[in-house]
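This report concerns only the one structure given below.
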Amino acid sequence: MSICFNGFKVELSANTFTAYVQDMPDNRGLRELREKLQSDWFLHWRSGKVYGIPKVPQQEQTFGKPVELKTEEHLQLLAARIDSVLPKIFAQYSAFRFKPFTFLSQKEELVSSIATKIKDLPSLISSFKIKPKFALEAKLVELRHEETFIGLFLRLETRWEILASLSDLQNAGVNLQDLYVVRRQPQPGQRRLVGKISHIYEKTVNLLESFDGITSINEDEVWLEGSKASFVRCLKTLLGDKYDAFESERLIQEANFLTGPALDNILIRMETFLAKKSPMQLAPNLFGYIRDRIEAVNDDSYQTVISASPVEYCFDAARTKRNLYAWKGIEKYGPFSREIFSKKSPEILVLFPDTVQGAVENFLKAFRDGISIKKKVFQDGIEYWEENSKYSGGFAKIFGLVNPKLTLRQIPWLNSKQKPPAVAYREAVAQVLEKTMPDAAIVILLDEHARLPDPENPYLQSKALLLMAGIPVQGIRASTLGQSRYSLQYTLQNLSVALYAKMNGLPWTVDHDLTISDELVIGIGNCELSGSRFFERQRFVGITTVFRGDGNYLLGNLSQECSYSEYPNILKTSTVSILQDIKRRNGWQPGDTVRLVFHAARPFKNLDVADIVAQCVAEVGEEQNIEFAFLTVSHEHPFTLLDKSQQGIVMKDGAKKGQLAPQRGIIVQLGRYTRLLCTNSAALVKMPRSPLPTPLLIHLHPQSTYRDLTYLSEQVLKFTSLSWRSLLPASKPVTIYYSELIAELLARLRNIRDWSPALLNIKLRASKWFL
């Protein structure tokens with residue numbers, strides 16, 4: 001194992017340097033001061049002081065008092081200074097963004113390369129651009145305790161642009177409504193994003209939503225935002241049946257920049273370039289030298305890299321029934337909650353259009369009874385056929401159920417096509433609920449209906465009505481029904497696990513020793529209900545998921561809807577209520593030691609969620625000894641890890657996938673309170689052209705009272721194996737993944753007339769209804 005980073009160590013030329021210091025209790029006046037002194041001074045605010053470093057030998061404007069500073073005590077200042085000199089080092093590139101310093105490739109452009117592979121594309125395609133985007137950022141690194149240094153890290157992504165005029169796109173048949181426009185040339189201090197399109201008339205773009213109350217803008221001032229949504233809508237219209245070929249070629253072109261070997265080659269070239277530009281002057285008496293690639297190395301005195309043990313799936317409370325693979329464990333032992341599952345003979349409603357009845361019946365028979373797939377085997381010179389199905393037992397046998405009832409309800413689509421599909425499905429659901437209350441529902445959709453907008457989508461209409469009746473729902477597209485038997489067995493595995501979990505079943509937990517009275521892992525997220533990107537329209541719902549330390553799902557909770565300013569109080573009230581509920585449910589006694597671990601993807605801007613959580617813990621656990629840890633767990637960071645010893649896995653066609661991808665479970669110290677965790681691996685990478693996986697960044701809030709980051713990081717890894725939406729591990733812990741799934745569904749369900757989430761906190765509190 002040879003782990004290296006996507007960055008280079010910066011070596012400083014001296015132990016001290018001269019800076020100029022001026023008191024500033026808060027940083028509200030910093031922007032104005034920077035604008036005033038920008039030609040002469042680099043300014044950086046920290047802890048009530050502004051530090052200045054001269055940009056030029058002779059300054060026309062004076063600032064602060066000179067002070068001799070120790071470099072080791074002011075690395076944060078020097079990292080910011082490095083960021084500020086990068087535009088000068090890359091003077092030949094026009095900066096796309098300054099924080100972090102970001103620029104576009106001058107030579108490579110992917111769409112033009114794709115056009116050479118696919119003939120006769122419409123001329124308007126030349127206005128679509130995909131360029132490699134390079135971001136350089138200086139960050140502090142502490143691979144060993146109290147050995148901090150500065151690293152310069154390179155992150156590579158792609159930048160998408162649509163440079164066609166809106167009128168040309170509209171004339172080509174593209175529906176532009178609800179897409180976003182950005183300014184072509186934003187002025188200093190001006191937002192690039194303008195608003196959402198209502199319609200275009202005579203070169204005027206009329207807006208549904210916008211910043212600053214703008215209702216319209218001249219077409220010549222804006223481009224269509226180069227987002228994935230904009231590209232998909234435009235190109236599906238412009239390319240028609242060539243769209244899939246375009247997408248396949250795009251992935252191949254992107255692989256030339258984003259796979260492990262591609263990134264490694266770019267880093268080698270970048271290292272050579274930076275070495276030629278070295279040293280960079282940071283202060284009058286201080287220089288920075290770009291050195292070799294940063295490596296994470298262990299020795300006898302210190303472990304920077306830890307390899308966590310493989311996660312084992314558990315299928316009984318004693319943790320004696322274990323397996324390294326989820327489905328093999330379920331087949332051998334049954335689900336974790338087999339003995340205590342309360343719905344032994346569940347009724348499952350199946351809604352489907354009558355035009356696919358035969359396919360539905362065949363699919364349900366395979367779901368209920370299993371699939372038989374034989375393979376030819378030779379042993380001792382004798383040929384015979386052996387069962388090789390990955391779903392041979394069927395839903396009832398595998399999950400320990402007794403005569404589950406499948407109630408089929410046709411949607412009379414063949415003779416009712418004049419009725420909108422959403423109306424037809426909603427009426428069918430209402431009629432069923434008048435007669436019975438099933439334990440779960442499967443809603444089967446024609447593919448063209450699945451793609452309808454949310455208010456007209458029959459799946460969402462059905463789901464809303466059923467959820468309000470306390471019934472979890474699983475959706476399936478008609479194209480799934482006709483899969484080959486080989487593919488279908490894997491689809492049925494995922495379907496059966498998700499459906500069992502939605503009915504309050506627990507498919508598996510993980511091997512996690514509980515060494516204290518009680519340990520809870522709590523995910524904190526939020527949902528922006530309006531779906532608006534314009535701040536003043538936002539409404540929020542807090543989302544909380546609660547698990548035992550071993551992964552046993554306890555409950556999910558939604559706060560009441562609130563505005564941004566109300567969110568802190570709502571979050572505190574909701575968290576206190578949940579903790580009190582768990583305290584009563586688990587019978588916390590005076591003197592018990594309880595550990596509470598909180599996971600959040602990203603705390604609110606200007607809101608210290610950890611501080612709120614600490615207040616809640618103190619309020620609820622006065623009689624208990626509560627250990628408390630607050631972690632932010634995110635993929636949004638500039639760090640990538642490469643394992644030079646990983647040669648990849650050879651596919652049937654001879655191509656290799658997962659080259660340079662570190663093994664799942666690798667934990668690398670990045671700082672005193674920070675770790676990088678690899679949750680993917682070469683085996684889990686899907687295709688040879690898939691990008692190199694990004695590790696999770698785990699940051700422990702300093703206010704935490706429980707600080708074993710190795711234990712907490714391994715726990716995060718185990719919680720990636722607790723997704724019951726698939727048999728494969730998720731790329732993030734379910735505490736966060738589930739919150740994201742809930743947020744996505746809540747935002748979509750809000751578009752359904754008469755929708756109310758009230759019962760989600762009552763009948764479906766323990767259900768994984770969002771899978």
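Naming scheme: A, B, ... for chains in displayed order of the structure tokens; residues 1 onward per chain; ligands 1 onward as shown.
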Surrounding residues of range 182-195 of chain A excluding itself and chain neighbours under 6 positions, 7 Å, only C-alpha atoms, as a list in words:
Leu207, Glu209, Ser210, Phe211, Glu221, Val222, Trp223, Leu224 and Glu225 of chain A
For the residues in that selection, give me C-alpha atoms as a short mmCIF file (atom, residue, chain, number, x, y, z; two decimals), in the first residue's frame.
```cif
data_model
loop_
_atom_site.label_atom_id
_atom_site.label_comp_id
_atom_site.auth_asym_id
_atom_site.auth_seq_id
_atom_site.Cartn_x
_atom_site.Cartn_y
_atom_site.Cartn_z
CA LEU A 207 -38.35 35.53 -14.93
CA GLU A 209 -37.88 33.97 -9.68
CA SER A 210 -34.77 36.08 -9.33
CA PHE A 211 -32.43 37.89 -7.02
CA GLU A 221 -26.98 39.94 -21.16
CA VAL A 222 -27.36 36.28 -20.16
CA TRP A 223 -26.51 32.70 -21.02
CA LEU A 224 -28.37 29.58 -20.05
CA GLU A 225 -26.75 28.15 -16.91
#
```
Can you pull out every residue within 9 Å of Arg368 in chain A, counting only C-alpha atoms, but drop anything in the same chain fewer than 4 positions away, and send it as a compact mmCIF listing (two decimals) with C-alpha atoms, in the first residue's frame?
```
# COMPACT_ATOMS: atom_id res chain seq x y z
CA PHE A 363 -42.45 -10.34 -12.26
CA LEU A 364 -44.51 -10.83 -9.10
CA GLY A 393 -36.02 -18.71 -2.38
CA GLY A 394 -38.47 -15.90 -3.04
CA PHE A 395 -39.61 -13.07 -0.75
CA ALA A 396 -41.61 -15.19 1.72
CA LYS A 397 -39.02 -17.91 2.27
CA PRO A 404 -47.76 -12.75 2.02
CA LEU A 406 -50.24 -9.61 -3.20
```
What parts of range 437-618 of chain A does DSSP call strand (DSSP E or B)? I'd like the answer as a PyMOL selection string.
chain A and resi 440-445+473-477+509-510+518-528+540-548+553-558+562+593-600
Dump of C-alpha atoms for the selected residues, as an mmCIF file, in the first residue's frame:
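Output saved as out_3.cif:
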```cif
data_model
loop_
_atom_site.group_PDB
_atom_site.id
_atom_site.type_symbol
_atom_site.label_atom_id
_atom_site.label_comp_id
_atom_site.auth_asym_id
_atom_site.auth_seq_id
_atom_site.Cartn_x
_atom_site.Cartn_y
_atom_site.Cartn_z
ATOM 1 C CA ALA A 440 -47.083 -1.716 1.794
ATOM 2 C CA ALA A 441 -47.618 -0.899 -1.849
ATOM 3 C CA ILE A 442 -45.776 -1.412 -5.131
ATOM 4 C CA VAL A 443 -46.568 1.149 -7.826
ATOM 5 C CA ILE A 444 -45.609 0.133 -11.378
ATOM 6 C CA LEU A 445 -45.324 2.873 -13.996
ATOM 7 C CA VAL A 473 -44.505 2.654 -1.227
ATOM 8 C CA GLN A 474 -42.024 1.092 -3.658
ATOM 9 C CA GLY A 475 -41.934 2.321 -7.270
ATOM 10 C CA ILE A 476 -40.927 0.198 -10.290
ATOM 11 C CA ARG A 477 -40.676 1.157 -13.963
ATOM 12 C CA THR A 509 -27.020 -4.604 11.451
ATOM 13 C CA VAL A 510 -23.231 -4.435 11.696
ATOM 14 C CA ASP A 518 -26.239 3.222 25.491
ATOM 15 C CA GLU A 519 -24.828 4.650 22.292
ATOM 16 C CA LEU A 520 -26.863 6.542 19.710
ATOM 17 C CA VAL A 521 -25.799 7.780 16.291
ATOM 18 C CA ILE A 522 -27.950 10.677 15.132
ATOM 19 C CA GLY A 523 -28.036 12.191 11.668
ATOM 20 C CA ILE A 524 -28.996 15.857 11.372
ATOM 21 C CA GLY A 525 -30.051 17.243 8.011
ATOM 22 C CA ASN A 526 -32.493 19.681 6.525
ATOM 23 C CA CYS A 527 -34.707 20.076 3.503
ATOM 24 C CA GLU A 528 -35.162 23.302 1.554
ATOM 25 C CA PHE A 540 -36.891 24.547 5.850
ATOM 26 C CA VAL A 541 -37.698 21.295 7.615
ATOM 27 C CA GLY A 542 -35.201 19.723 9.985
ATOM 28 C CA ILE A 543 -34.608 16.000 9.436
ATOM 29 C CA THR A 544 -33.308 13.698 12.150
ATOM 30 C CA THR A 545 -32.539 9.967 11.909
ATOM 31 C CA VAL A 546 -31.675 7.995 15.044
ATOM 32 C CA PHE A 547 -29.797 4.670 15.212
ATOM 33 C CA ARG A 548 -28.336 2.567 17.966
ATOM 34 C CA TYR A 553 -32.768 2.020 13.150
ATOM 35 C CA LEU A 554 -34.895 3.567 15.884
ATOM 36 C CA LEU A 555 -36.810 6.446 14.350
ATOM 37 C CA GLY A 556 -36.919 9.309 11.913
ATOM 38 C CA ASN A 557 -38.322 12.713 12.761
ATOM 39 C CA LEU A 558 -39.309 15.815 10.796
ATOM 40 C CA CYS A 562 -39.868 27.112 9.380
ATOM 41 C CA THR A 593 -22.903 6.541 30.660
ATOM 42 C CA VAL A 594 -24.472 7.442 27.336
ATOM 43 C CA ARG A 595 -22.617 8.273 24.149
ATOM 44 C CA LEU A 596 -24.275 10.496 21.545
ATOM 45 C CA VAL A 597 -22.605 10.754 18.130
ATOM 46 C CA PHE A 598 -24.026 13.346 15.733
ATOM 47 C CA HIS A 599 -23.411 13.328 11.982
ATOM 48 C CA ALA A 600 -24.091 16.359 9.769
#
```
Report as a JSON list (two decimals) with C-alpha atoms, in the first residue's frame all protein, DNA and RNA residues lying within 7 Å of range 81-94 of chain A, evaluated on only C-alpha atoms, omitting residues in the same chain fewer than 4 positions from it.
```
[["chain", "number", "residue", "atom", "x", "y", "z"],
["A", 77, "LEU", "CA", -2.08, 33.28, 7.21],
["A", 101, "PHE", "CA", -8.01, 29.67, -7.49],
["A", 103, "PHE", "CA", -8.94, 28.12, -14.15],
["A", 137, "GLU", "CA", -5.89, 25.51, -2.89],
["A", 138, "ALA", "CA", -3.40, 25.73, -0.02],
["A", 277, "LYS", "CA", 7.84, 28.58, -10.83],
["A", 282, "LEU", "CA", 5.18, 35.22, 0.18]]
```
Determine, counting only C-alpha atoms, which protein, DNA and RNA residues have an atom within 6 Å of an atom of range 732-743 of chain A; residues of the same chain fewer than 2 positions away are not included. Present the result as a PyMOL selection string.
chain A and resi 523+525+527+716+719-720+723+730+745-746+770
Closest contacts (range 143-171 of chain A/range 641-653 of chain A, max 12 Å, only C-alpha atoms) as a Markdown table:
```
| residue | atom | partner | partner_atom | distance |
| --- | --- | --- | --- | --- |
| A:Phe153 | CA | A:Leu641 | CA | 11.1 |
| A:Leu154 | CA | A:Leu641 | CA | 11.5 |
| A:Arg155 | CA | A:Leu641 | CA | 11.2 |
```
Record the distance separating CA of Glu202 in chain A and CA of Arg233 in chain A, expressed in Å with one decimal.
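Those two atoms sit 22.3 Å apart.
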Can you pull out every residue within 12 Å of Ala618 in chain A, counting only C-alpha atoms, but drop anything in the same chain fewer than 5 positions away, and send it as a ChimeraX atom specification?
/A:572,575-576,579-580,596,611-613,623-628,705
Determine, counting only C-alpha atoms, which protein, DNA and RNA residues have an atom within 9 Å of an atom of Tyr490 in chain A; residues of the same chain fewer than 4 positions away are not included. Present the result as a VMD selection string.
chain A and resid 390 to 391 486 494 to 495
Can you list, as a PyMOL selection string, every protein, DNA or RNA residue that comes within 6 Å of range 245-258 of chain A when you count only C-alpha atoms, leaving out same-chain residues fewer than 5 positions away?
chain A and resi 263+689+691
